[in-house]
Every structure is written in C-alpha cells, then in structure tokens.
Amino acid sequence: MTNSVETLLEALPYIREFHGRTIVIKYGGAAMRDEELREGFATDVVLLKYVGLNAVIVHGGGPEITAYMERLGLPVEFVGGLRVSNAETVEVAKMVLVGKVNKDIVLRLNRHGQSAVGLSGDDGQLFRASRQAGPNGEDVGFVGKIDRVDVDVLNHIAQDYIPVVASIGADREGHSYNVNADEAAGAVARALGAYKVVFLTDVVGWLRDPADPESVISEAGADEVQAALDGVAGGMRPKLKACLDAIYGGVTFAHIVDGRVPHSLLLELFTNAGVGTKIRPAS
C-alpha cells in the first residue's frame, strides 16, 4: 500500500503540469504486436485522457503490410528504409492501415472506456503529401513526405475523443502515398503545438553506442542531437529527425521510449526516473 501511495504522489506534479496539454504518441513496434502490450497501451492512453491530457495517436503498421503483401504474392522491397511502393502497394497499405490496424486500435480504446475516432491523412485533408526519393535519389514510387498538416479536424475531434491517425497522405491530384509514421507524428505534434511527442520503439532509447544497450542517453538537447545525426543509422535516425522537427517547430519535449516495457508510456511521463530518452530544446 505504501508503494502505491508513493507512486501516486510522485505522479501528482506531472499530472498537474500536463493537465489540458496535448501529447502526440507515435504507436509502433512491439507495443502493436504483443497482445499484453496492446492492452497495456490502450489502458495507458485512456488513463491519460481521464487525467486531463489530450492524447493524439499516430501509427504505422509496416509488419502487417508486409505480411499481407506476401500473402498476395506482391514483391516487398526497401531502399534506405523506405518501402518501394507502386500503386498496388499503396492500395494494400491503405487497406491494412486504415481498414484494419486503425480500427483495431479504435475498438480497443473504446472497450477500455474512452471513445476514439479513426482517421487517415486523407480525412479532412489532414496530410498534404508529395513524392520523395530514396536517400540517393532513387525512385521509390508512391512514398510521400508531408508538406502540410491541416489540424482543424484533429482539434475538433480531440475535444471529446481520442484521434487515431493512420500514416497515409495524398497530394493535390488525389494520389495516395505511404508516409513514414515517425515523420507523421513529428509533423502532427508540430502543427498542433503539442507539449510532448512520444515515440514508442523497440530499443531502450537513443544509445551512445548502438551495440551497448546500457549506453542509453537519458536526456539531450536538440543541438546535441543535430550534431550527432549524421552518424546515426537505422531506424533511430528517422525518429531523431522527427524529434528535431517537432522541437524546432515549438514542441516542448520529445521522448523515445521502449514500447516493449509494459506501461512505459506512463513510466516516462509520470515518474522521476523515466525509461527512455528525453530531448529538449537547445540550451
């Protein structure tokens, strides 16, 4: 009982600080694949809403897209971490992200006591996207970068519901694009003027030495991240870049959190120690 009371008292100043603020959560990795973690994530987000935070979820679903493409006999190819996407690939991605993954998240949140609304970047012209090339100028098809976020629809929905956004966008001509979910979360946080953006991932945080899981950097300034970015490879690079884009756009803090840890979202937000990497504006 004493430990429970101490935990609540430790959380109190954070709840007071965050009340009425907007937090954007990029949902992905193991937290989306493991049943126990999915349940834990849903209860965490519902709790955030009950204590007065406005939570907005942005998600991808790469493994599920790959699984469905393989079942349909479609080629799966990546260039520099980007999924090479022809018209058929984008059609499958929309089907999986919007029709399945998004609705699974919405239904789980509804079941745990908070009404959620599923969206994609097409809804309300939320994401205006344009085609981007691979890291060395390769043609990777309908892979998009976000040029504009129109948050009117999110602001309306977030007053009463939890928005759940699939990372699909479209251009002025109505062509749909795969959009990196990390980029989408950072762009949404920036456009909303969110207080925090949290990236759930499959590592303990940003590591000083990628081969040493004990070398996690618990806190860093945006200037430190910018200076180190060229030397970062793999999936951590787009997350750090999205953190910088959010911070430079006025978001107060960005967090990279290990989604494999049950309730890591609450641990990062409401405890003194935290469980991942916190990125703040430059000193």
# chains A, B, ... in the order shown; residues from 1 in each chain; ligands from 1
call {"tool": "residues_around", "arguments": {"residues": "A:Asn110", "least_positions_apart": "4", "cutoff": "10 Å", "atoms": "only C-alpha atoms", "output": "list in words"}}
result
Ala42, Val46, Asp104, Ile105, Val106, Gln114, Ser115, Ala116, Val117, Tyr161 and Ile162 of chain A
call {"tool": "write_last_selection", "arguments": {"atoms": "N, CA and C atoms", "output": "mmCIF file, in the first residue's frame"}}
result
data_model
loop_
_atom_site.group_PDB
_atom_site.id
_atom_site.type_symbol
_atom_site.label_atom_id
_atom_site.label_comp_id
_atom_site.auth_asym_id
_atom_site.auth_seq_id
_atom_site.Cartn_x
_atom_site.Cartn_y
_atom_site.Cartn_z
ATOM 1 N N ALA A 42 -3.527 0.594 -24.496
ATOM 2 C CA ALA A 42 -4.881 1.144 -24.510
ATOM 3 C C ALA A 42 -5.274 1.685 -23.140
ATOM 4 N N VAL A 46 -6.110 5.681 -22.234
ATOM 5 C CA VAL A 46 -7.383 6.020 -21.602
ATOM 6 C C VAL A 46 -7.142 6.758 -20.290
ATOM 7 N N ASP A 104 -8.592 -1.579 -35.282
ATOM 8 C CA ASP A 104 -8.256 -2.394 -34.115
ATOM 9 C C ASP A 104 -7.897 -1.502 -32.929
ATOM 10 N N ILE A 105 -7.121 -0.451 -33.176
ATOM 11 C CA ILE A 105 -6.736 0.472 -32.098
ATOM 12 C C ILE A 105 -7.962 1.194 -31.556
ATOM 13 N N VAL A 106 -8.806 1.683 -32.462
ATOM 14 C CA VAL A 106 -10.016 2.410 -32.062
ATOM 15 C C VAL A 106 -10.920 1.530 -31.202
ATOM 16 N N GLN A 114 -12.851 4.897 -23.341
ATOM 17 C CA GLN A 114 -12.781 6.222 -23.963
ATOM 18 C C GLN A 114 -13.116 6.100 -25.450
ATOM 19 N N SER A 115 -13.975 6.964 -25.923
ATOM 20 C CA SER A 115 -14.356 6.927 -27.328
ATOM 21 C C SER A 115 -13.217 7.460 -28.187
ATOM 22 N N ALA A 116 -12.889 6.715 -29.234
ATOM 23 C CA ALA A 116 -11.818 7.100 -30.159
ATOM 24 C C ALA A 116 -12.389 7.195 -31.562
ATOM 25 N N VAL A 117 -11.739 7.986 -32.400
ATOM 26 C CA VAL A 117 -12.153 8.166 -33.795
ATOM 27 C C VAL A 117 -10.955 7.908 -34.694
ATOM 28 N N TYR A 161 -12.885 13.219 -28.146
ATOM 29 C CA TYR A 161 -12.487 11.860 -28.500
ATOM 30 C C TYR A 161 -10.960 11.768 -28.567
ATOM 31 N N ILE A 162 -10.478 10.539 -28.671
ATOM 32 C CA ILE A 162 -9.062 10.306 -28.906
ATOM 33 C C ILE A 162 -8.869 10.073 -30.399
#
call {"tool": "select_by_dssp", "arguments": {"residues": "stretch 123-266 of chain A", "states": "helix (DSSP H, G or I)", "output": "PyMOL selection string"}}
result
chain A and resi 123-125+152-158+181-192+222-231+236-248+264-266
call {"tool": "residues_around", "arguments": {"residues": "A:Val76", "least_positions_apart": "4", "cutoff": "10 Å", "atoms": "only C-alpha atoms", "output": "MDAnalysis selection string"}}
result
chainID A and resid 65:67 69:70 83:85 89
call {"tool": "residues_around", "arguments": {"residues": "stretch 167-181 of chain A", "least_positions_apart": "3", "cutoff": "9 Å", "atoms": "only C-alpha atoms", "output": "JSON, numbers by chain"}}
result
{"A": [26, 27, 28, 58, 59, 60, 61, 82, 83, 85, 87, 89, 90, 91, 93, 94, 97, 98, 120, 121, 122, 125, 126, 127, 128, 129, 130, 131, 141, 142, 143, 144, 145, 146, 184, 185, 186, 238]}
call {"tool": "residues_around", "arguments": {"residues": "A:Leu244", "least_positions_apart": "5", "cutoff": "10 Å", "atoms": "only C-alpha atoms", "output": "ChimeraX atom specification"}}
result
/A:186,221-223,225-226,229,238-239,249-251,253-254,279-281
